[in-house]
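Heads up, start.tsv below (TSV, C-alpha atoms):
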```
chain	number	residue	atom	x	y	z
A	97	MET	CA	-5.69	-32.41	49.09
A	98	LEU	CA	-8.70	-30.10	49.42
A	99	SER	CA	-10.53	-31.41	46.37
A	100	GLU	CA	-11.45	-34.88	45.25
A	101	PRO	CA	-8.88	-36.36	42.82
A	102	ARG	CA	-10.19	-36.65	39.28
A	103	ALA	CA	-9.25	-40.33	39.31
A	104	GLY	CA	-11.49	-40.75	42.33
A	105	ARG	CA	-14.45	-39.14	40.62
A	106	LEU	CA	-13.96	-41.22	37.46
A	107	ALA	CA	-13.66	-44.47	39.40
A	108	ALA	CA	-16.54	-43.77	41.77
A	109	TRP	CA	-19.06	-42.67	39.17
A	110	GLY	CA	-17.75	-45.13	36.59
A	111	ASN	CA	-18.32	-47.95	39.06
A	112	SER	CA	-21.80	-46.65	39.81
A	113	LEU	CA	-22.56	-46.57	36.08
A	114	LEU	CA	-21.18	-50.07	35.50
A	115	ALA	CA	-23.35	-51.36	38.35
A	116	GLY	CA	-26.45	-49.73	36.87
A	117	HIS	CA	-27.02	-47.21	39.68
A	118	VAL	CA	-26.76	-44.06	37.51
A	119	SER	CA	-27.26	-43.10	33.88
A	120	PRO	CA	-24.34	-42.36	31.54
A	121	ASP	CA	-25.28	-38.67	31.43
A	122	ASP	CA	-25.38	-38.35	35.23
A	123	ALA	CA	-22.09	-40.22	35.61
A	124	VAL	CA	-20.26	-38.06	33.08
A	125	LEU	CA	-21.69	-34.86	34.56
A	126	ALA	CA	-20.38	-35.85	38.00
A	127	VAL	CA	-16.95	-36.87	36.68
A	128	VAL	CA	-16.44	-33.63	34.75
A	129	GLY	CA	-17.53	-31.52	37.72
A	130	GLU	CA	-16.29	-27.95	37.37
A	131	ASP	CA	-13.97	-28.79	34.46
A	132	ALA	CA	-14.95	-27.74	30.95
A	133	VAL	CA	-14.57	-31.09	29.23
A	134	HIS	CA	-13.00	-34.54	29.63
A	135	ARG	CA	-11.82	-36.59	26.67
A	136	VAL	CA	-10.16	-39.99	26.34
A	137	GLU	CA	-7.18	-40.68	24.09
A	138	ALA	CA	-5.73	-43.96	22.75
A	139	LEU	CA	-8.90	-45.91	23.49
A	140	PRO	CA	-8.78	-49.26	21.64
A	141	GLY	CA	-10.79	-49.05	18.44
A	142	GLU	CA	-10.64	-45.25	18.21
A	143	SER	CA	-8.13	-43.25	16.18
A	144	GLY	CA	-8.55	-39.96	18.05
A	145	GLN	CA	-9.93	-38.49	21.24
A	146	VAL	CA	-13.48	-39.40	22.27
A	147	GLY	CA	-15.89	-38.22	24.92
A	148	LEU	CA	-16.33	-39.86	28.30
A	149	THR	CA	-19.74	-41.32	27.50
A	150	LEU	CA	-18.45	-43.23	24.49
A	151	ALA	CA	-15.26	-44.20	26.33
A	152	LEU	CA	-17.07	-45.70	29.32
A	153	GLY	CA	-19.35	-47.65	27.01
A	154	ARG	CA	-16.40	-48.93	25.00
A	155	LEU	CA	-14.50	-49.96	28.12
A	156	ARG	CA	-17.51	-51.95	29.27
A	157	ALA	CA	-17.67	-53.65	25.87
A	158	LEU	CA	-13.97	-54.50	26.20
A	159	GLY	CA	-14.69	-56.37	29.44
A	160	VAL	CA	-14.14	-53.72	32.09
A	161	SER	CA	-16.31	-54.55	35.10
A	162	GLY	CA	-14.87	-52.11	37.64
A	163	LEU	CA	-12.47	-49.21	38.15
A	164	ARG	CA	-9.82	-48.88	40.82
A	165	VAL	CA	-7.93	-45.77	41.93
A	166	ALA	CA	-4.18	-45.33	42.33
A	167	LEU	CA	-2.75	-42.34	44.23
A	168	PRO	CA	1.02	-42.87	44.02
A	169	ALA	CA	3.73	-40.65	45.48
A	170	PRO	CA	7.53	-40.84	45.26
A	171	GLY	CA	8.61	-44.07	46.96
A	172	HIS	CA	5.01	-45.21	47.37
A	173	PRO	CA	3.38	-46.80	44.28
A	174	LEU	CA	-0.02	-46.91	45.96
A	175	GLY	CA	-2.56	-48.78	43.85
A	176	LEU	CA	-0.22	-49.49	40.93
A	177	SER	CA	0.72	-52.85	39.45
A	178	GLY	CA	2.91	-51.91	36.48
A	179	PRO	CA	4.28	-51.89	33.88
A	180	PRO	CA	6.95	-49.18	34.43
A	181	GLU	CA	5.62	-46.87	31.69
A	182	PHE	CA	2.17	-46.73	33.24
A	183	ASN	CA	3.59	-46.36	36.75
A	184	ALA	CA	5.77	-43.45	35.63
A	185	ARG	CA	2.86	-41.62	33.99
A	186	ALA	CA	0.66	-42.22	37.03
A	187	LEU	CA	3.37	-41.01	39.41
A	188	GLU	CA	3.81	-37.83	37.37
A	189	ALA	CA	0.07	-37.16	37.53
A	190	GLU	CA	-0.09	-38.36	41.16
A	191	GLN	CA	-3.21	-40.37	40.28
A	192	ALA	CA	-4.62	-42.93	37.86
A	193	VAL	CA	-7.53	-45.28	37.26
A	194	VAL	CA	-6.87	-48.99	36.76
A	195	CYS	CA	-9.52	-51.10	35.03
A	196	HIS	CA	-10.71	-54.40	36.48
A	197	GLY	CA	-11.62	-57.07	33.93
A	198	ALA	CA	-9.40	-55.72	31.14
A	199	ALA	CA	-5.74	-54.69	31.22
A	200	PHE	CA	-6.12	-50.93	30.75
A	201	GLY	CA	-5.32	-47.90	32.86
A	202	LEU	CA	-6.19	-44.22	32.48
A	203	VAL	CA	-3.97	-41.30	33.49
A	204	PRO	CA	-5.28	-37.73	33.45
A	205	GLU	CA	-3.46	-34.82	31.84
A	206	VAL	CA	-4.83	-31.39	32.76
A	207	TYR	CA	-4.76	-28.35	30.48
A	208	GLU	CA	-5.80	-24.76	31.06
A	209	ALA	CA	-7.28	-22.96	28.07
A	210	GLY	CA	-8.94	-19.66	27.27
A	211	PRO	CA	-8.06	-15.97	27.64
A	212	GLU	CA	-6.97	-14.39	30.92
A	213	GLY	CA	-9.93	-13.97	33.19
A	214	ASP	CA	-11.86	-16.74	31.45
A	215	VAL	CA	-9.57	-19.74	31.86
A	216	HIS	CA	-11.18	-23.17	31.86
A	217	VAL	CA	-9.81	-26.64	32.55
A	218	GLU	CA	-9.75	-29.46	30.03
A	219	VAL	CA	-8.73	-33.02	30.91
A	220	VAL	CA	-7.42	-35.74	28.60
A	221	TRP	CA	-7.37	-39.29	29.94
A	222	HIS	CA	-4.59	-41.33	28.32
A	223	VAL	CA	-5.33	-45.05	28.02
A	224	LEU	CA	-2.29	-47.29	28.59
A	225	PRO	CA	-1.78	-51.03	29.05
A	226	VAL	CA	-1.42	-52.24	32.64
A	227	ARG	CA	-0.20	-55.42	34.25
A	228	GLU	CA	-2.94	-57.64	35.65
A	229	ALA	CA	-1.69	-58.05	39.21
A	230	PRO	CA	-2.80	-57.06	42.73
A	231	PRO	CA	-2.47	-53.28	43.30
A	232	ALA	CA	0.35	-52.18	45.58
A	233	ASP	CA	-0.24	-51.44	49.28
A	234	VAL	CA	-4.05	-51.08	49.23
A	235	PRO	CA	-5.64	-51.96	52.60
A	236	SER	CA	-9.13	-53.23	53.26
A	237	LEU	CA	-11.73	-50.72	54.44
A	238	GLY	CA	-11.49	-52.03	57.98
A	239	GLU	CA	-7.69	-51.79	58.03
A	240	ALA	CA	-7.80	-48.29	56.53
A	241	GLU	CA	-10.28	-47.05	59.12
A	242	ARG	CA	-8.23	-48.39	62.04
A	243	GLU	CA	-4.92	-47.12	60.65
A	244	LEU	CA	-6.36	-43.67	59.98
A	245	ALA	CA	-7.73	-43.30	63.50
A	246	GLU	CA	-4.40	-44.38	65.02
A	247	ALA	CA	-2.31	-42.15	62.75
A	248	LEU	CA	-4.52	-39.14	63.43
A	249	ARG	CA	-4.30	-39.66	67.18
A	250	ASP	CA	-0.51	-40.02	67.15
A	251	ALA	CA	0.03	-37.01	64.90
A	252	THR	CA	-2.32	-34.82	66.92
A	253	GLU	CA	-0.38	-35.62	70.09
A	254	VAL	CA	2.91	-34.61	68.46
A	255	LEU	CA	1.52	-31.44	66.87
A	256	THR	CA	-0.14	-30.36	70.10
A	257	ARG	CA	3.06	-30.95	72.07
A	258	LEU	CA	4.97	-28.76	69.59
A	259	ASP	CA	2.25	-26.08	69.81
A	260	VAL	CA	1.91	-26.17	66.03
A	261	ALA	CA	-0.72	-24.01	64.41
A	262	GLY	CA	-3.20	-26.33	62.75
A	263	SER	CA	-3.65	-28.74	65.67
A	264	GLY	CA	-6.25	-26.83	67.70
A	265	PRO	CA	-9.73	-25.27	67.49
A	266	VAL	CA	-8.79	-22.82	64.75
A	267	ALA	CA	-7.69	-25.66	62.50
A	268	GLU	CA	-10.83	-27.64	63.31
A	269	ALA	CA	-12.95	-24.66	62.31
A	270	ALA	CA	-11.03	-24.39	59.03
A	271	VAL	CA	-11.55	-28.10	58.37
A	272	ASP	CA	-15.29	-27.75	59.02
A	273	ALA	CA	-15.45	-24.80	56.61
A	274	TYR	CA	-13.69	-26.79	53.90
A	275	ARG	CA	-16.06	-29.70	54.44
A	276	ALA	CA	-19.13	-27.47	54.28
A	277	ARG	CA	-18.01	-26.00	50.96
A	278	ALA	CA	-17.20	-29.44	49.57
A	279	GLU	CA	-20.53	-30.90	50.63
A	280	ARG	CA	-22.41	-28.11	48.88
A	281	ARG	CA	-20.65	-28.98	45.61
A	282	ARG	CA	-20.75	-32.78	45.47
A	283	GLU	CA	-21.73	-36.10	46.92
A	284	VAL	CA	-19.20	-38.21	48.76
A	285	LEU	CA	-18.51	-41.18	46.48
A	286	ALA	CA	-21.44	-42.26	44.29
A	287	PRO	CA	-24.62	-44.37	44.51
A	288	GLY	CA	-23.94	-48.04	45.22
A	289	TYR	CA	-20.99	-47.60	47.58
A	290	PRO	CA	-21.22	-49.13	51.07
A	291	PRO	CA	-21.75	-46.68	53.98
A	292	ARG	CA	-18.43	-47.67	55.52
A	293	ALA	CA	-16.60	-46.53	52.36
A	294	VAL	CA	-18.28	-43.13	52.60
A	295	ARG	CA	-17.28	-42.85	56.26
A	296	VAL	CA	-13.65	-43.80	55.55
A	297	LEU	CA	-13.37	-41.38	52.63
A	298	GLU	CA	-14.86	-38.52	54.66
A	299	LEU	CA	-12.36	-39.15	57.47
A	300	ALA	CA	-9.44	-39.42	55.05
A	301	GLN	CA	-10.39	-36.14	53.37
A	302	ARG	CA	-10.79	-34.46	56.74
A	303	VAL	CA	-7.33	-35.65	57.78
A	304	GLU	CA	-5.75	-34.41	54.54
A	305	THR	CA	-7.41	-31.03	55.05
A	306	LEU	CA	-6.01	-30.86	58.57
A	307	ILE	CA	-2.54	-31.68	57.21
A	308	THR	CA	-2.86	-28.89	54.63
A	309	VAL	CA	-3.97	-26.39	57.26
A	310	ALA	CA	-1.04	-27.34	59.50
A	311	THR	CA	1.42	-27.15	56.61
A	312	LYS	CA	0.24	-23.75	55.39
A	313	SER	CA	-0.06	-22.17	58.82
A	314	GLY	CA	3.64	-21.57	59.30
A	315	HIS	CA	5.78	-23.13	62.01
A	316	GLY	CA	3.48	-22.23	64.90
A	317	GLY	CA	5.35	-22.67	68.14
A	318	ALA	CA	7.97	-24.95	66.60
A	319	VAL	CA	10.93	-22.60	66.67
A	320	SER	CA	13.85	-25.00	66.45
A	321	SER	CA	14.91	-27.01	63.43
A	322	SER	CA	14.46	-30.21	65.41
A	323	GLU	CA	10.87	-29.29	66.26
A	324	ILE	CA	10.10	-28.38	62.65
A	325	PHE	CA	11.57	-31.71	61.55
A	326	ALA	CA	9.49	-33.49	64.19
A	327	ARG	CA	6.32	-31.92	62.83
A	328	GLN	CA	7.17	-32.95	59.28
A	329	GLU	CA	7.91	-36.47	60.45
A	330	ALA	CA	4.59	-36.56	62.31
A	331	LEU	CA	2.63	-35.47	59.26
A	332	ARG	CA	4.32	-37.68	56.67
A	333	PRO	CA	2.93	-41.05	57.80
A	334	VAL	CA	-0.50	-39.51	58.39
A	335	GLU	CA	-0.61	-38.21	54.82
A	336	ARG	CA	0.45	-41.64	53.55
A	337	THR	CA	-2.23	-43.33	55.64
A	338	ALA	CA	-4.88	-40.87	54.41
A	339	ARG	CA	-4.01	-41.64	50.79
A	340	ARG	CA	-4.22	-45.38	51.47
A	341	ALA	CA	-7.62	-44.89	53.07
A	342	GLN	CA	-8.90	-42.91	50.11
A	343	VAL	CA	-7.83	-45.65	47.71
A	344	ALA	CA	-9.46	-48.30	49.91
A	345	ALA	CA	-12.73	-46.34	49.88
A	346	TYR	CA	-12.79	-45.76	46.13
A	347	ASN	CA	-11.86	-49.38	45.40
A	348	SER	CA	-14.22	-50.95	47.92
A	349	ILE	CA	-17.09	-51.56	45.52
A	350	VAL	CA	-14.77	-53.57	43.23
A	351	GLU	CA	-13.21	-55.46	46.14
A	352	GLU	CA	-16.63	-56.40	47.52
A	353	ARG	CA	-17.79	-57.59	44.12
A	354	GLU	CA	-14.66	-59.77	43.82
A	355	ARG	CA	-15.41	-61.35	47.19
A	356	GLY	CA	-19.01	-61.97	46.15
A	357	VAL	CA	-20.45	-59.56	48.70
A	358	ARG	CA	-22.40	-57.65	46.08
```
If you took the structure in this file and wrote it as structure tokens, what would it be?
Amino acid sequence: MLSEPRAGRLAAWGNSLLAGHVSPDDAVLAVVGEDAVHRVEALPGESGQVGLTLALGRLRALGVSGLRVALPAPGHPLGLSGPPEFNARALEAEQAVVCHGAAFGLVPEVYEAGPEGDVHVEVVWHVLPVREAPPADVPSLGEAERELAEALRDATEVLTRLDVAGSGPVAEAAVDAYRARAERRREVLAPGYPPRAVRVLELAQRVETLITVATKSGHGGAVSSSEIFARQEALRPVERTARRAQVAAYNSIVEERERGVR
């Protein structure tokens, strides 16, 4: 995942807005990013699609006090709590936002529009009912940081032993280049998040970039089917751990507020 998930941007900047750290205009500008427009559909009290500014204000009026991220994958309903219809939509999109304080969730649907050579991206967030229950498999920030460091160490050992492209200096240089481009375009998280959340998210994104580089770089020195399988097995738990860490970082401001830290 070389770019921040849209659900992450919506949750991070939505939380910052709800906490009074940014203005509605600044929050919406950050959420939309390089997309052309974001709209929200099936918002309670509205008959059609509305803009993000109105939608965030309406969600606050409906009792929403925070936004959590879900980044599910097949067999791993990370951050979800049901019901099945919402889980299915979130799994198809591979991401969702779950409201805290009111039983709503938002799932993005992405469209490309415009003539060839001038294509732009439009996003519609579908509002659906959710079950008010603890989200699945979300670690604390401390747990996520420890797990990520351990998973990265173990996977690097395996990839290096297999002489897989993507585990050495060339891959590190590619990761640094990706990070430099990303940092020129956006902030990590949003105002109001604890420094540890920023650190965990940066590490998780770095790990996911490394996984992508390794995956796209061919089989490297892994010439046998068993070695190729070993590499895939080494990367799978690391990718899962990186997703868990991302969710922990995005959700941290809500979790801290629930514990009375903020």
Next item on the list: Go ahead and find all residues with at least one atom no further than 9 Å from (0.8, -47.2, 44.5) in the file's coordinates, using all atoms listed in the file; report them as number ranges by chain.
Entry: A: 166-169, 171-177, 183, 186-187, 191, 231-234, 340
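Across the structure, atom CA of A:Arg332 and atom CA of A:Leu106 are spaced 26.8 Å apart.
We find atom CA of A:Pro290 and atom CA of A:Thr308 to be spaced 27.6 Å apart.
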Next item on the list: Name the residues within 10 Å of (-7.1, -28.8, 31.7), counting only C-alpha atoms in the file's coordinates, and put them as JSON, numbers by chain.
Entry: {"A": [131, 132, 133, 134, 204, 205, 206, 207, 208, 209, 215, 216, 217, 218, 219, 220]}
Same residues, C-alpha atoms, output as a CSV table (one decimal), keeping the file's coordinate frame:
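Output contents, as saved in result_36.csv:
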```csv
chain,number,residue,atom,x,y,z
A,131,ASP,CA,-14.0,-28.8,34.5
A,132,ALA,CA,-15.0,-27.7,31.0
A,133,VAL,CA,-14.6,-31.1,29.2
A,134,HIS,CA,-13.0,-34.5,29.6
A,204,PRO,CA,-5.3,-37.7,33.4
A,205,GLU,CA,-3.5,-34.8,31.8
A,206,VAL,CA,-4.8,-31.4,32.8
A,207,TYR,CA,-4.8,-28.4,30.5
A,208,GLU,CA,-5.8,-24.8,31.1
A,209,ALA,CA,-7.3,-23.0,28.1
A,215,VAL,CA,-9.6,-19.7,31.9
A,216,HIS,CA,-11.2,-23.2,31.9
A,217,VAL,CA,-9.8,-26.6,32.6
A,218,GLU,CA,-9.8,-29.5,30.0
A,219,VAL,CA,-8.7,-33.0,30.9
A,220,VAL,CA,-7.4,-35.7,28.6
```
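Closest approach to A:Tyr289 from the set A:Ala345, A:Leu158, A:Leu163, A:Ala192 is made by A:Ala345, with distances taken over all atoms listed in the file.
Take atom CA of A:Gly129 and atom CA of A:Glu241: the distance between them is 27.4 Å.
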Near-A:Leu297 list (12 Å; all atoms listed in the file; drop same-chain fewer than 4 positions) as an mmCIF file with C-alpha atoms, in the coordinates of the input:
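Saved the output as part.cif:
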```cif
data_model
loop_
_atom_site.group_PDB
_atom_site.id
_atom_site.type_symbol
_atom_site.label_atom_id
_atom_site.label_comp_id
_atom_site.auth_asym_id
_atom_site.auth_seq_id
_atom_site.Cartn_x
_atom_site.Cartn_y
_atom_site.Cartn_z
ATOM 1 C CA GLU A 100 -11.450 -34.880 45.250
ATOM 2 C CA PRO A 101 -8.880 -36.360 42.820
ATOM 3 C CA GLY A 104 -11.490 -40.750 42.330
ATOM 4 C CA ALA A 108 -16.540 -43.770 41.770
ATOM 5 C CA LEU A 237 -11.730 -50.720 54.440
ATOM 6 C CA ALA A 240 -7.800 -48.290 56.530
ATOM 7 C CA GLU A 241 -10.280 -47.050 59.120
ATOM 8 C CA LEU A 244 -6.360 -43.670 59.980
ATOM 9 C CA GLU A 283 -21.730 -36.100 46.920
ATOM 10 C CA VAL A 284 -19.200 -38.210 48.760
ATOM 11 C CA LEU A 285 -18.510 -41.180 46.480
ATOM 12 C CA ALA A 286 -21.440 -42.260 44.290
ATOM 13 C CA TYR A 289 -20.990 -47.600 47.580
ATOM 14 C CA PRO A 290 -21.220 -49.130 51.070
ATOM 15 C CA PRO A 291 -21.750 -46.680 53.980
ATOM 16 C CA ARG A 292 -18.430 -47.670 55.520
ATOM 17 C CA ALA A 293 -16.600 -46.530 52.360
ATOM 18 C CA GLN A 301 -10.390 -36.140 53.370
ATOM 19 C CA ARG A 302 -10.790 -34.460 56.740
ATOM 20 C CA VAL A 303 -7.330 -35.650 57.780
ATOM 21 C CA GLU A 304 -5.750 -34.410 54.540
ATOM 22 C CA THR A 337 -2.230 -43.330 55.640
ATOM 23 C CA ALA A 338 -4.880 -40.870 54.410
ATOM 24 C CA ARG A 339 -4.010 -41.640 50.790
ATOM 25 C CA ARG A 340 -4.220 -45.380 51.470
ATOM 26 C CA ALA A 341 -7.620 -44.890 53.070
ATOM 27 C CA GLN A 342 -8.900 -42.910 50.110
ATOM 28 C CA VAL A 343 -7.830 -45.650 47.710
ATOM 29 C CA ALA A 344 -9.460 -48.300 49.910
ATOM 30 C CA ALA A 345 -12.730 -46.340 49.880
ATOM 31 C CA TYR A 346 -12.790 -45.760 46.130
ATOM 32 C CA ASN A 347 -11.860 -49.380 45.400
ATOM 33 C CA SER A 348 -14.220 -50.950 47.920
#
```
Notebook entry, point to check: Which is closer to A:Gly153 than all the others in A:Leu113, A:Val223, A:Val118, A:Ala138, using only C-alpha atoms?
Noted result: A:Leu113
Next item on the list: Point out the residue among A:Ser161, A:Glu130, A:Arg185, A:Phe200 with the least atom-to-atom distance to A:Gly116, counting all atoms listed in the file.
Entry: A:Ser161
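With only C-alpha atoms as the basis for measurement, A:Ser112 is the residue among A:Ser143, A:Ser112, A:Ser322, A:Ser119 that approaches A:Gly288 most closely.
Each of A:Ala115, A:Val160, A:Leu202, A:Leu224 was checked against A:Glu181 using only C-alpha atoms; the smallest atom-to-atom distance is that of A:Leu224.
Residue nearest A:Gln145, chosen from A:Pro120, A:His222, A:His196, A:Glu190 and counting all atoms listed in the file: A:His222.
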